[in-house]
$ cat my_file.cif   # mmCIF, N, CA and C atoms
data_target
#
loop_
_atom_site.label_atom_id
_atom_site.label_comp_id
_atom_site.auth_asym_id
_atom_site.auth_seq_id
_atom_site.Cartn_x
_atom_site.Cartn_y
_atom_site.Cartn_z
N MET A 1 -59.69 16.03 100.25
CA MET A 1 -59.80 15.94 101.69
C MET A 1 -59.63 14.48 102.08
N ASN A 2 -58.87 14.24 103.10
CA ASN A 2 -58.66 12.89 103.61
C ASN A 2 -59.91 12.52 104.40
N ALA A 3 -60.66 11.55 103.89
CA ALA A 3 -61.96 11.20 104.48
C ALA A 3 -61.82 10.62 105.88
N THR A 4 -60.71 9.97 106.17
CA THR A 4 -60.59 9.32 107.48
C THR A 4 -60.28 10.30 108.59
N VAL A 5 -59.60 11.40 108.27
CA VAL A 5 -59.20 12.32 109.33
C VAL A 5 -59.79 13.71 109.14
N GLY A 6 -60.30 14.00 107.94
CA GLY A 6 -60.83 15.33 107.68
C GLY A 6 -59.74 16.36 107.39
N ILE A 7 -58.53 15.91 107.05
CA ILE A 7 -57.41 16.81 106.73
C ILE A 7 -57.28 16.89 105.21
N PRO A 8 -57.14 18.11 104.71
CA PRO A 8 -56.98 18.23 103.25
C PRO A 8 -55.73 17.49 102.78
N ALA A 9 -55.85 16.85 101.62
CA ALA A 9 -54.70 16.16 101.02
C ALA A 9 -53.69 17.21 100.57
N PRO A 10 -52.41 16.92 100.71
CA PRO A 10 -51.40 17.89 100.25
C PRO A 10 -51.46 18.01 98.74
N PRO A 11 -51.11 19.18 98.22
CA PRO A 11 -51.10 19.34 96.75
C PRO A 11 -50.03 18.42 96.15
N PRO A 12 -50.24 17.99 94.92
CA PRO A 12 -49.23 17.14 94.29
C PRO A 12 -47.93 17.92 94.13
N ALA A 13 -46.83 17.21 94.25
CA ALA A 13 -45.52 17.85 94.10
C ALA A 13 -45.33 18.29 92.66
N ALA A 14 -44.77 19.46 92.49
CA ALA A 14 -44.47 19.95 91.15
C ALA A 14 -43.31 19.14 90.58
N PRO A 15 -43.37 18.84 89.29
CA PRO A 15 -42.25 18.10 88.70
C PRO A 15 -40.96 18.92 88.76
N ALA A 16 -39.86 18.25 88.93
CA ALA A 16 -38.56 18.91 88.93
C ALA A 16 -38.25 19.41 87.52
N SER A 17 -37.42 20.45 87.46
CA SER A 17 -37.07 21.02 86.15
C SER A 17 -36.51 19.97 85.21
N HIS A 18 -35.65 19.07 85.71
CA HIS A 18 -35.07 18.07 84.81
C HIS A 18 -36.14 17.12 84.26
N ASP A 19 -37.19 16.87 85.03
CA ASP A 19 -38.28 16.03 84.52
C ASP A 19 -39.06 16.76 83.43
N LEU A 20 -39.30 18.05 83.65
CA LEU A 20 -39.98 18.84 82.62
C LEU A 20 -39.13 18.93 81.36
N LEU A 21 -37.82 19.14 81.54
CA LEU A 21 -36.94 19.23 80.38
C LEU A 21 -36.94 17.92 79.59
N GLU A 22 -36.95 16.81 80.28
CA GLU A 22 -36.99 15.51 79.60
C GLU A 22 -38.28 15.36 78.79
N SER A 23 -39.40 15.72 79.38
CA SER A 23 -40.68 15.64 78.67
C SER A 23 -40.70 16.57 77.46
N LEU A 24 -40.19 17.78 77.64
CA LEU A 24 -40.13 18.73 76.52
C LEU A 24 -39.21 18.22 75.42
N ALA A 25 -38.10 17.57 75.79
CA ALA A 25 -37.18 17.02 74.80
C ALA A 25 -37.86 15.93 73.98
N VAL A 26 -38.64 15.10 74.63
CA VAL A 26 -39.38 14.04 73.91
C VAL A 26 -40.35 14.68 72.93
N LEU A 27 -41.10 15.69 73.39
CA LEU A 27 -42.05 16.38 72.50
C LEU A 27 -41.33 17.07 71.34
N ALA A 28 -40.23 17.75 71.64
CA ALA A 28 -39.49 18.47 70.60
C ALA A 28 -38.94 17.49 69.56
N GLY A 29 -38.41 16.36 70.02
CA GLY A 29 -37.90 15.37 69.09
C GLY A 29 -39.00 14.82 68.19
N ALA A 30 -40.14 14.52 68.77
CA ALA A 30 -41.26 14.01 67.98
C ALA A 30 -41.76 15.07 67.00
N GLN A 31 -41.81 16.30 67.45
CA GLN A 31 -42.25 17.39 66.58
C GLN A 31 -41.28 17.54 65.40
N TRP A 32 -39.99 17.47 65.65
CA TRP A 32 -38.98 17.64 64.60
C TRP A 32 -39.07 16.50 63.59
N ARG A 33 -39.22 15.26 64.06
CA ARG A 33 -39.34 14.12 63.15
C ARG A 33 -40.60 14.25 62.28
N ASP A 34 -41.68 14.67 62.90
CA ASP A 34 -42.93 14.86 62.17
C ASP A 34 -42.78 15.98 61.13
N PHE A 35 -42.11 17.06 61.51
CA PHE A 35 -41.87 18.18 60.62
C PHE A 35 -41.00 17.75 59.43
N GLN A 36 -39.93 16.99 59.71
CA GLN A 36 -39.05 16.51 58.63
C GLN A 36 -39.82 15.65 57.63
N ALA A 37 -40.65 14.76 58.13
CA ALA A 37 -41.43 13.88 57.25
C ALA A 37 -42.41 14.69 56.41
N ALA A 38 -43.07 15.67 57.01
CA ALA A 38 -44.02 16.50 56.28
C ALA A 38 -43.30 17.35 55.23
N ALA A 39 -42.12 17.88 55.59
CA ALA A 39 -41.33 18.68 54.64
C ALA A 39 -40.91 17.81 53.46
N ALA A 40 -40.43 16.59 53.75
CA ALA A 40 -40.00 15.68 52.68
C ALA A 40 -41.17 15.35 51.76
N HIS A 41 -42.35 15.19 52.34
CA HIS A 41 -43.54 14.91 51.52
C HIS A 41 -43.81 16.04 50.53
N GLU A 42 -43.41 17.25 50.90
CA GLU A 42 -43.58 18.42 50.02
C GLU A 42 -42.34 18.67 49.14
N GLY A 43 -41.36 17.75 49.21
CA GLY A 43 -40.17 17.89 48.38
C GLY A 43 -39.14 18.87 48.94
N LEU A 44 -39.20 19.13 50.25
CA LEU A 44 -38.29 20.09 50.88
C LEU A 44 -37.40 19.39 51.91
N THR A 45 -36.23 19.94 52.10
CA THR A 45 -35.43 19.52 53.24
C THR A 45 -36.02 20.19 54.47
N SER A 46 -35.66 19.70 55.65
CA SER A 46 -36.18 20.31 56.86
C SER A 46 -35.71 21.76 56.98
N MET A 47 -34.47 22.05 56.55
CA MET A 47 -33.98 23.44 56.63
C MET A 47 -34.71 24.35 55.66
N GLN A 48 -35.03 23.85 54.47
CA GLN A 48 -35.81 24.66 53.53
C GLN A 48 -37.19 24.97 54.12
N ALA A 49 -37.82 23.96 54.68
CA ALA A 49 -39.15 24.17 55.27
C ALA A 49 -39.07 25.08 56.48
N LYS A 50 -38.03 24.91 57.29
CA LYS A 50 -37.87 25.77 58.47
C LYS A 50 -37.68 27.22 58.05
N LEU A 51 -36.84 27.46 57.06
CA LEU A 51 -36.63 28.83 56.57
C LEU A 51 -37.93 29.39 56.03
N LEU A 52 -38.62 28.62 55.23
CA LEU A 52 -39.88 29.09 54.65
C LEU A 52 -40.89 29.43 55.74
N GLY A 53 -40.92 28.63 56.80
CA GLY A 53 -41.83 28.89 57.90
C GLY A 53 -41.52 30.17 58.68
N GLN A 54 -40.28 30.64 58.58
CA GLN A 54 -39.90 31.88 59.26
C GLN A 54 -40.37 33.12 58.50
N LEU A 55 -40.76 32.95 57.26
CA LEU A 55 -41.07 34.09 56.40
C LEU A 55 -42.49 34.58 56.56
N VAL A 56 -42.88 34.89 57.79
CA VAL A 56 -44.20 35.48 58.03
C VAL A 56 -44.19 36.95 57.62
N ARG A 57 -43.00 37.48 57.45
CA ARG A 57 -42.78 38.83 56.92
C ARG A 57 -41.44 38.79 56.19
N PRO A 58 -41.17 39.74 55.32
CA PRO A 58 -39.86 39.75 54.65
C PRO A 58 -38.73 39.89 55.69
N LEU A 59 -37.72 39.05 55.55
CA LEU A 59 -36.61 39.05 56.50
C LEU A 59 -35.28 39.18 55.78
N PRO A 60 -34.37 39.98 56.33
CA PRO A 60 -33.02 40.06 55.75
C PRO A 60 -32.31 38.72 55.88
N MET A 61 -31.42 38.46 54.94
CA MET A 61 -30.69 37.20 54.92
C MET A 61 -29.95 36.96 56.24
N ARG A 62 -29.33 37.99 56.80
CA ARG A 62 -28.58 37.82 58.05
C ARG A 62 -29.50 37.44 59.21
N GLU A 63 -30.69 38.02 59.24
CA GLU A 63 -31.64 37.69 60.30
C GLU A 63 -32.12 36.24 60.16
N LEU A 64 -32.31 35.80 58.92
CA LEU A 64 -32.67 34.40 58.70
C LEU A 64 -31.57 33.47 59.19
N ALA A 65 -30.32 33.83 58.91
CA ALA A 65 -29.19 33.02 59.37
C ALA A 65 -29.20 32.92 60.89
N ALA A 66 -29.46 34.03 61.57
CA ALA A 66 -29.49 34.02 63.03
C ALA A 66 -30.65 33.15 63.54
N LEU A 67 -31.81 33.26 62.93
CA LEU A 67 -32.97 32.46 63.35
C LEU A 67 -32.73 30.97 63.15
N LEU A 68 -32.01 30.63 62.08
CA LEU A 68 -31.76 29.23 61.77
C LEU A 68 -30.50 28.70 62.46
N GLY A 69 -29.73 29.60 63.05
CA GLY A 69 -28.50 29.18 63.72
C GLY A 69 -27.46 28.65 62.75
N CYS A 70 -27.35 29.30 61.60
CA CYS A 70 -26.36 28.86 60.62
C CYS A 70 -25.68 30.06 59.99
N ASP A 71 -24.68 29.79 59.18
CA ASP A 71 -23.92 30.83 58.50
C ASP A 71 -24.75 31.45 57.38
N ALA A 72 -24.53 32.73 57.12
CA ALA A 72 -25.27 33.41 56.06
C ALA A 72 -25.07 32.74 54.71
N SER A 73 -23.88 32.16 54.47
CA SER A 73 -23.65 31.50 53.18
C SER A 73 -24.56 30.28 53.02
N ASN A 74 -24.88 29.60 54.12
CA ASN A 74 -25.82 28.48 54.05
C ASN A 74 -27.22 28.96 53.66
N VAL A 75 -27.61 30.10 54.21
CA VAL A 75 -28.93 30.66 53.90
C VAL A 75 -29.01 31.01 52.42
N THR A 76 -27.92 31.51 51.86
CA THR A 76 -27.91 31.84 50.43
C THR A 76 -28.26 30.62 49.59
N GLY A 77 -27.65 29.48 49.89
CA GLY A 77 -27.93 28.26 49.13
C GLY A 77 -29.36 27.78 49.32
N ILE A 78 -29.86 27.87 50.54
CA ILE A 78 -31.24 27.44 50.82
C ILE A 78 -32.21 28.33 50.06
N VAL A 79 -31.99 29.64 50.10
CA VAL A 79 -32.88 30.57 49.40
C VAL A 79 -32.78 30.37 47.90
N ASP A 80 -31.57 30.09 47.39
CA ASP A 80 -31.43 29.81 45.94
C ASP A 80 -32.35 28.67 45.54
N ARG A 81 -32.36 27.59 46.32
CA ARG A 81 -33.18 26.43 45.98
C ARG A 81 -34.68 26.74 46.12
N LEU A 82 -35.04 27.52 47.15
CA LEU A 82 -36.46 27.90 47.30
C LEU A 82 -36.91 28.80 46.16
N GLU A 83 -36.03 29.70 45.73
CA GLU A 83 -36.36 30.56 44.58
C GLU A 83 -36.56 29.73 43.32
N ALA A 84 -35.68 28.74 43.12
CA ALA A 84 -35.77 27.89 41.93
C ALA A 84 -37.10 27.13 41.90
N GLN A 85 -37.66 26.85 43.07
CA GLN A 85 -38.94 26.14 43.16
C GLN A 85 -40.13 27.10 43.15
N GLY A 86 -39.86 28.40 43.14
CA GLY A 86 -40.94 29.39 43.13
C GLY A 86 -41.59 29.59 44.49
N LEU A 87 -40.89 29.23 45.57
CA LEU A 87 -41.47 29.31 46.91
C LEU A 87 -41.05 30.56 47.68
N ALA A 88 -39.98 31.20 47.25
CA ALA A 88 -39.49 32.43 47.91
C ALA A 88 -38.83 33.29 46.85
N ARG A 89 -38.64 34.56 47.22
CA ARG A 89 -37.91 35.46 46.33
C ARG A 89 -37.16 36.47 47.17
N ARG A 90 -36.11 37.02 46.60
CA ARG A 90 -35.33 38.08 47.24
C ARG A 90 -35.84 39.42 46.72
N GLU A 91 -35.78 40.42 47.59
CA GLU A 91 -36.13 41.78 47.18
C GLU A 91 -35.22 42.73 47.94
N PRO A 92 -34.93 43.87 47.35
CA PRO A 92 -34.10 44.84 48.07
C PRO A 92 -34.86 45.42 49.26
N ASP A 93 -34.14 45.69 50.34
CA ASP A 93 -34.74 46.34 51.50
C ASP A 93 -35.07 47.77 51.11
N PRO A 94 -36.27 48.26 51.41
CA PRO A 94 -36.64 49.62 51.01
C PRO A 94 -35.80 50.71 51.69
N HIS A 95 -35.16 50.39 52.82
CA HIS A 95 -34.38 51.38 53.55
C HIS A 95 -32.89 51.29 53.26
N ASP A 96 -32.43 50.15 52.77
CA ASP A 96 -31.02 49.95 52.47
C ASP A 96 -30.94 48.97 51.31
N ARG A 97 -30.76 49.49 50.12
CA ARG A 97 -30.81 48.66 48.91
C ARG A 97 -29.67 47.64 48.85
N ARG A 98 -28.67 47.77 49.71
CA ARG A 98 -27.59 46.77 49.75
C ARG A 98 -28.05 45.50 50.45
N VAL A 99 -29.10 45.61 51.27
CA VAL A 99 -29.62 44.47 52.03
C VAL A 99 -30.70 43.78 51.22
N LYS A 100 -30.61 42.46 51.14
CA LYS A 100 -31.63 41.67 50.47
C LYS A 100 -32.53 41.02 51.51
N ARG A 101 -33.83 41.18 51.30
CA ARG A 101 -34.81 40.52 52.16
C ARG A 101 -35.39 39.34 51.40
N VAL A 102 -35.82 38.35 52.14
CA VAL A 102 -36.44 37.16 51.55
C VAL A 102 -37.91 37.17 51.92
N ILE A 103 -38.73 36.88 50.96
CA ILE A 103 -40.18 36.85 51.17
C ILE A 103 -40.73 35.55 50.59
N ALA A 104 -41.70 34.98 51.25
CA ALA A 104 -42.38 33.78 50.73
C ALA A 104 -43.35 34.20 49.63
N THR A 105 -43.37 33.44 48.56
CA THR A 105 -44.37 33.67 47.52
C THR A 105 -45.69 33.07 48.00
N PRO A 106 -46.78 33.36 47.33
CA PRO A 106 -48.04 32.70 47.70
C PRO A 106 -47.92 31.16 47.67
N GLU A 107 -47.17 30.63 46.71
CA GLU A 107 -46.95 29.19 46.65
C GLU A 107 -46.16 28.72 47.87
N GLY A 108 -45.19 29.52 48.31
CA GLY A 108 -44.41 29.19 49.50
C GLY A 108 -45.27 29.20 50.75
N GLN A 109 -46.15 30.19 50.86
CA GLN A 109 -47.04 30.26 52.01
C GLN A 109 -47.97 29.05 52.05
N GLU A 110 -48.46 28.63 50.89
CA GLU A 110 -49.34 27.46 50.82
C GLU A 110 -48.56 26.19 51.17
N THR A 111 -47.33 26.11 50.76
CA THR A 111 -46.50 24.95 51.08
C THR A 111 -46.28 24.84 52.58
N VAL A 112 -46.01 25.95 53.24
CA VAL A 112 -45.85 25.94 54.70
C VAL A 112 -47.14 25.49 55.37
N ARG A 113 -48.26 25.96 54.87
CA ARG A 113 -49.55 25.56 55.43
C ARG A 113 -49.73 24.04 55.29
N ARG A 114 -49.38 23.49 54.12
CA ARG A 114 -49.51 22.04 53.92
C ARG A 114 -48.56 21.26 54.82
N VAL A 115 -47.32 21.73 54.97
CA VAL A 115 -46.37 21.04 55.85
C VAL A 115 -46.95 20.97 57.25
N ARG A 116 -47.45 22.07 57.76
CA ARG A 116 -48.00 22.08 59.12
C ARG A 116 -49.24 21.19 59.23
N ALA A 117 -50.05 21.16 58.18
CA ALA A 117 -51.25 20.31 58.19
C ALA A 117 -50.87 18.83 58.14
N GLU A 118 -49.74 18.52 57.51
CA GLU A 118 -49.31 17.12 57.35
C GLU A 118 -48.56 16.59 58.57
N MET A 119 -48.45 17.35 59.61
CA MET A 119 -47.75 16.89 60.82
C MET A 119 -48.73 16.05 61.64
N HIS A 120 -49.05 14.86 61.12
CA HIS A 120 -50.10 14.02 61.67
C HIS A 120 -49.82 13.55 63.10
N ALA A 121 -48.59 13.20 63.41
CA ALA A 121 -48.29 12.72 64.76
C ALA A 121 -48.56 13.82 65.79
N MET A 122 -48.15 15.04 65.49
CA MET A 122 -48.38 16.14 66.44
C MET A 122 -49.87 16.49 66.53
N HIS A 123 -50.57 16.43 65.41
CA HIS A 123 -52.01 16.68 65.45
C HIS A 123 -52.71 15.62 66.31
N ARG A 124 -52.29 14.34 66.15
CA ARG A 124 -52.90 13.28 66.98
C ARG A 124 -52.61 13.54 68.46
N ALA A 125 -51.39 13.95 68.77
CA ALA A 125 -51.03 14.22 70.17
C ALA A 125 -51.87 15.38 70.72
N LEU A 126 -52.01 16.44 69.94
CA LEU A 126 -52.81 17.58 70.40
C LEU A 126 -54.28 17.21 70.54
N ASP A 127 -54.74 16.30 69.70
CA ASP A 127 -56.14 15.87 69.77
C ASP A 127 -56.46 15.10 71.04
N THR A 128 -55.44 14.64 71.79
CA THR A 128 -55.70 13.96 73.06
C THR A 128 -56.08 14.94 74.16
N LEU A 129 -55.88 16.24 73.90
CA LEU A 129 -56.19 17.27 74.90
C LEU A 129 -57.61 17.78 74.70
N ASP A 130 -58.32 17.99 75.80
CA ASP A 130 -59.64 18.60 75.68
C ASP A 130 -59.45 20.12 75.53
N PRO A 131 -60.50 20.86 75.19
CA PRO A 131 -60.35 22.30 74.96
C PRO A 131 -59.71 23.06 76.13
N ALA A 132 -60.07 22.72 77.36
CA ALA A 132 -59.48 23.43 78.51
C ALA A 132 -57.98 23.13 78.61
N GLU A 133 -57.60 21.87 78.35
CA GLU A 133 -56.17 21.52 78.39
C GLU A 133 -55.40 22.21 77.27
N ARG A 134 -56.00 22.29 76.09
CA ARG A 134 -55.35 22.98 74.97
C ARG A 134 -55.15 24.45 75.31
N SER A 135 -56.16 25.07 75.91
CA SER A 135 -56.05 26.48 76.30
C SER A 135 -54.97 26.66 77.35
N ALA A 136 -54.92 25.77 78.32
CA ALA A 136 -53.90 25.86 79.37
C ALA A 136 -52.51 25.67 78.79
N LEU A 137 -52.34 24.69 77.92
CA LEU A 137 -51.03 24.46 77.29
C LEU A 137 -50.60 25.67 76.49
N PHE A 138 -51.52 26.23 75.71
CA PHE A 138 -51.20 27.41 74.90
C PHE A 138 -50.77 28.57 75.81
N ALA A 139 -51.50 28.79 76.87
CA ALA A 139 -51.17 29.90 77.79
C ALA A 139 -49.79 29.69 78.41
N LEU A 140 -49.48 28.47 78.80
CA LEU A 140 -48.18 28.19 79.41
C LEU A 140 -47.04 28.38 78.42
N VAL A 141 -47.22 27.87 77.21
CA VAL A 141 -46.18 28.03 76.18
C VAL A 141 -45.97 29.51 75.86
N GLU A 142 -47.06 30.24 75.72
CA GLU A 142 -46.94 31.68 75.43
C GLU A 142 -46.27 32.43 76.58
N LYS A 143 -46.51 32.00 77.80
CA LYS A 143 -45.87 32.62 78.95
C LYS A 143 -44.36 32.39 78.93
N MET A 144 -43.92 31.24 78.44
CA MET A 144 -42.50 30.90 78.38
C MET A 144 -41.77 31.56 77.21
N ARG A 145 -42.46 31.86 76.13
CA ARG A 145 -41.82 32.36 74.90
C ARG A 145 -40.94 33.57 75.11
N PRO A 146 -41.37 34.59 75.84
CA PRO A 146 -40.51 35.77 75.98
C PRO A 146 -39.14 35.46 76.60
N ALA A 147 -39.10 34.48 77.50
CA ALA A 147 -37.83 34.11 78.11
C ALA A 147 -36.89 33.43 77.12
N LEU A 148 -37.43 32.92 76.02
CA LEU A 148 -36.63 32.23 75.01
C LEU A 148 -36.24 33.13 73.85
N ASP A 149 -36.85 34.26 73.73
CA ASP A 149 -36.62 35.16 72.60
C ASP A 149 -35.41 36.07 72.80
N GLY A 150 -34.40 35.55 73.43
CA GLY A 150 -33.13 36.28 73.51
C GLY A 150 -32.98 37.06 74.74
#
$ encode --input "my_file.cif" --output "structure tokens"
Amino acid sequence: MNATVGIPAPPPAAPASHDLLESLAVLAGAQWRDFQAAAAHEGLTSMQAKLLGQLVRPLPMRELAALLGCDASNVTGIVDRLEAQGLARREPDPHDRRVKRVIATPEGQETVRRVRAEMHAMHRALDTLDPAERSALFALVEKMRPALDG
């Protein structure tokens, strides 16, 4: 309320979309750099760690390629290297034995957990938020997710 006149103050102007996009780009860039560093600390490339992080359930190779935005032949090489490290394995799809699904091994699941825990810059940034702000941010991000899922 404006104390001199008794008129309520106008609400703050909402940021323009381009301003929000710029802020999100800064956050996304910082998150990616932090992720790459944490993956490297675990002996993984960022693509290996990204693929491993997608394996919350067994996924067909083609679906992994689509999620990663790359060719299926690239996924084959990434999975080969993860298998060699004991972090993932291929298994036949129970409904179509011609399709190979990729699953994270327990060691792979633990590696993903460590990569996420080692993202110190992002953890420090999130720690600047109080519980109400964290809840609000989570709610807003979750509200936006369906619009991004295709």
$ atom_distance --input "my_file.cif" --atom1 "atom N of Arg62 of chain A" --atom2 "atom C of Pro106 of chain A"
21.8 Å
$ resolve_selection --input "my_file.cif" --expression "the PyMOL selection byres ((chain A and resi 91) around 8)" --output "list in words"
Ala88, Arg89, Arg90, Pro92, Asp93, Pro94, Arg97, Val99, Lys100, Arg101, Val102 and Ile103 of chain A
$ resolve_selection --input "my_file.cif" --expression "the PyMOL selection byres ((chain A and resi 108) around 8)" --output "VMD selection string"
chain A and resid 52 to 53 85 to 88 103 to 107 109 to 114
$ closest_residue --input "my_file.cif" --among "A:Asp130, A:Asp80, A:Asp149, A:Glu118" --to "Ala38 of chain A" --atoms "only C-alpha atoms"
A:Glu118
$ closest_residue --input "my_file.cif" --among "A:Ala49, A:Ala132, A:Leu21, A:Ala84" --to "Gln36 of chain A" --atoms "only C-alpha atoms"
A:Ala49
$ closest_residue --input "my_file.cif" --among "A:Ile78, A:Ala136, A:Ala9, A:Leu20" --to "Met47 of chain A" --atoms "all atoms listed in the file"
A:Ile78
$ closest_residue --input "my_file.cif" --among "A:Val115, A:Leu64, A:Leu148, A:Leu129" --to "Glu42 of chain A" --atoms "all atoms listed in the file"
A:Val115
$ closest_residue --input "my_file.cif" --among "A:Pro12, A:Leu51, A:Arg134, A:Ala39" --to "Leu68 of chain A" --atoms "all atoms listed in the file"
A:Leu51
$ resolve_selection --input "my_file.cif" --expression "the PyMOL selection byres (((chain A and resi 30 and name CA) around 12) and name CA)" --output "ChimeraX atom specification"
/A:23-29,31-37,119-125
$ select_by_dssp --input "my_file.cif" --residues "segment 69-137 of chain A" --states "strand (DSSP E or B)" --output "ChimeraX atom specification"
/A:88-92,100-104
$ atom_distance --input "my_file.cif" --atom1 "atom CA of Thr76 of chain A" --atom2 "atom C of Ser46 of chain A"
14.3 Å
$ atom_distance --input "my_file.cif" --atom1 "atom C of Arg57 of chain A" --atom2 "atom CA of Val79 of chain A"
13.7 Å
$ axis_aligned_box --input "my_file.cif" --around "segment 98-104 of chain A" --padding-each-side "6 Å" --output "AutoDock Vina command-line options"
--center_x -35.5 --center_y 40.8 --center_z 50.9 --size_x 27.8 --size_y 26.0 --size_z 14.5
$ decode --input "my_file.cif" --residues "segment 114-136 of chain A" --atoms "N, CA and C atoms" --output "PDB file, in the first residue's frame"
ATOM      1  N   ARG A 114      25.771 -41.323  -7.544  1.00  0.00           N
ATOM      2  CA  ARG A 114      26.983 -40.564  -7.203  1.00  0.00           C
ATOM      3  C   ARG A 114      27.158 -39.352  -8.109  1.00  0.00           C
ATOM      4  N   VAL A 115      26.901 -39.504  -9.402  1.00  0.00           N
ATOM      5  CA  VAL A 115      27.021 -38.360 -10.314  1.00  0.00           C
ATOM      6  C   VAL A 115      26.104 -37.240  -9.850  1.00  0.00           C
ATOM      7  N   ARG A 116      24.864 -37.563  -9.547  1.00  0.00           N
ATOM      8  CA  ARG A 116      23.915 -36.527  -9.108  1.00  0.00           C
ATOM      9  C   ARG A 116      24.336 -35.909  -7.777  1.00  0.00           C
ATOM     10  N   ALA A 117      24.888 -36.723  -6.888  1.00  0.00           N
ATOM     11  CA  ALA A 117      25.347 -36.207  -5.590  1.00  0.00           C
ATOM     12  C   ALA A 117      26.563 -35.306  -5.751  1.00  0.00           C
ATOM     13  N   GLU A 118      27.374 -35.561  -6.778  1.00  0.00           N
ATOM     14  CA  GLU A 118      28.603 -34.792  -6.996  1.00  0.00           C
ATOM     15  C   GLU A 118      28.363 -33.488  -7.762  1.00  0.00           C
ATOM     16  N   MET A 119      27.144 -33.171  -8.065  1.00  0.00           N
ATOM     17  CA  MET A 119      26.841 -31.925  -8.781  1.00  0.00           C
ATOM     18  C   MET A 119      26.815 -30.776  -7.763  1.00  0.00           C
ATOM     19  N   HIS A 120      28.002 -30.440  -7.251  1.00  0.00           N
ATOM     20  CA  HIS A 120      28.131 -29.507  -6.140  1.00  0.00           C
ATOM     21  C   HIS A 120      27.630 -28.098  -6.468  1.00  0.00           C
ATOM     22  N   ALA A 121      27.894 -27.604  -7.655  1.00  0.00           N
ATOM     23  CA  ALA A 121      27.455 -26.246  -7.996  1.00  0.00           C
ATOM     24  C   ALA A 121      25.929 -26.156  -7.959  1.00  0.00           C
ATOM     25  N   MET A 122      25.255 -27.147  -8.506  1.00  0.00           N
ATOM     26  CA  MET A 122      23.787 -27.117  -8.504  1.00  0.00           C
ATOM     27  C   MET A 122      23.232 -27.302  -7.093  1.00  0.00           C
ATOM     28  N   HIS A 123      23.873 -28.153  -6.304  1.00  0.00           N
ATOM     29  CA  HIS A 123      23.427 -28.311  -4.913  1.00  0.00           C
ATOM     30  C   HIS A 123      23.588 -27.001  -4.145  1.00  0.00           C
ATOM     31  N   ARG A 124      24.730 -26.300  -4.372  1.00  0.00           N
ATOM     32  CA  ARG A 124      24.921 -25.001  -3.696  1.00  0.00           C
ATOM     33  C   ARG A 124      23.839 -24.013  -4.132  1.00  0.00           C
ATOM     34  N   ALA A 125      23.522 -24.000  -5.421  1.00  0.00           N
ATOM     35  CA  ALA A 125      22.493 -23.079  -5.918  1.00  0.00           C
ATOM     36  C   ALA A 125      21.134 -23.409  -5.291  1.00  0.00           C
ATOM     37  N   LEU A 126      20.788 -24.688  -5.238  1.00  0.00           N
ATOM     38  CA  LEU A 126      19.509 -25.074  -4.644  1.00  0.00           C
ATOM     39  C   LEU A 126      19.474 -24.767  -3.151  1.00  0.00           C
ATOM     40  N   ASP A 127      20.630 -24.854  -2.506  1.00  0.00           N
ATOM     41  CA  ASP A 127      20.692 -24.566  -1.068  1.00  0.00           C
ATOM     42  C   ASP A 127      20.430 -23.101  -0.751  1.00  0.00           C
ATOM     43  N   THR A 128      20.465 -22.207  -1.754  1.00  0.00           N
ATOM     44  CA  THR A 128      20.147 -20.798  -1.504  1.00  0.00           C
ATOM     45  C   THR A 128      18.649 -20.578  -1.346  1.00  0.00           C
ATOM     46  N   LEU A 129      17.850 -21.592  -1.702  1.00  0.00           N
ATOM     47  CA  LEU A 129      16.392 -21.479  -1.613  1.00  0.00           C
ATOM     48  C   LEU A 129      15.911 -21.996  -0.265  1.00  0.00           C
ATOM     49  N   ASP A 130      14.944 -21.296   0.310  1.00  0.00           N
ATOM     50  CA  ASP A 130      14.349 -21.806   1.544  1.00  0.00           C
ATOM     51  C   ASP A 130      13.319 -22.881   1.158  1.00  0.00           C
ATOM     52  N   PRO A 131      12.799 -23.635   2.126  1.00  0.00           N
ATOM     53  CA  PRO A 131      11.876 -24.723   1.799  1.00  0.00           C
ATOM     54  C   PRO A 131      10.659 -24.287   0.973  1.00  0.00           C
ATOM     55  N   ALA A 132      10.087 -23.131   1.272  1.00  0.00           N
ATOM     56  CA  ALA A 132       8.918 -22.669   0.504  1.00  0.00           C
ATOM     57  C   ALA A 132       9.312 -22.365  -0.941  1.00  0.00           C
ATOM     58  N   GLU A 133      10.496 -21.765  -1.131  1.00  0.00           N
ATOM     59  CA  GLU A 133      10.960 -21.472  -2.496  1.00  0.00           C
ATOM     60  C   GLU A 133      11.260 -22.755  -3.261  1.00  0.00           C
ATOM     61  N   ARG A 134      11.845 -23.735  -2.588  1.00  0.00           N
ATOM     62  CA  ARG A 134      12.126 -25.024  -3.233  1.00  0.00           C
ATOM     63  C   ARG A 134      10.823 -25.687  -3.661  1.00  0.00           C
ATOM     64  N   SER A 135       9.820 -25.637  -2.790  1.00  0.00           N
ATOM     65  CA  SER A 135       8.514 -26.220  -3.124  1.00  0.00           C
ATOM     66  C   SER A 135       7.882 -25.497  -4.303  1.00  0.00           C
ATOM     67  N   ALA A 136       7.964 -24.183  -4.302  1.00  0.00           N
ATOM     68  CA  ALA A 136       7.388 -23.407  -5.404  1.00  0.00           C
ATOM     69  C   ALA A 136       8.114 -23.699  -6.710  1.00  0.00           C
TER      70      ALA A 136
END
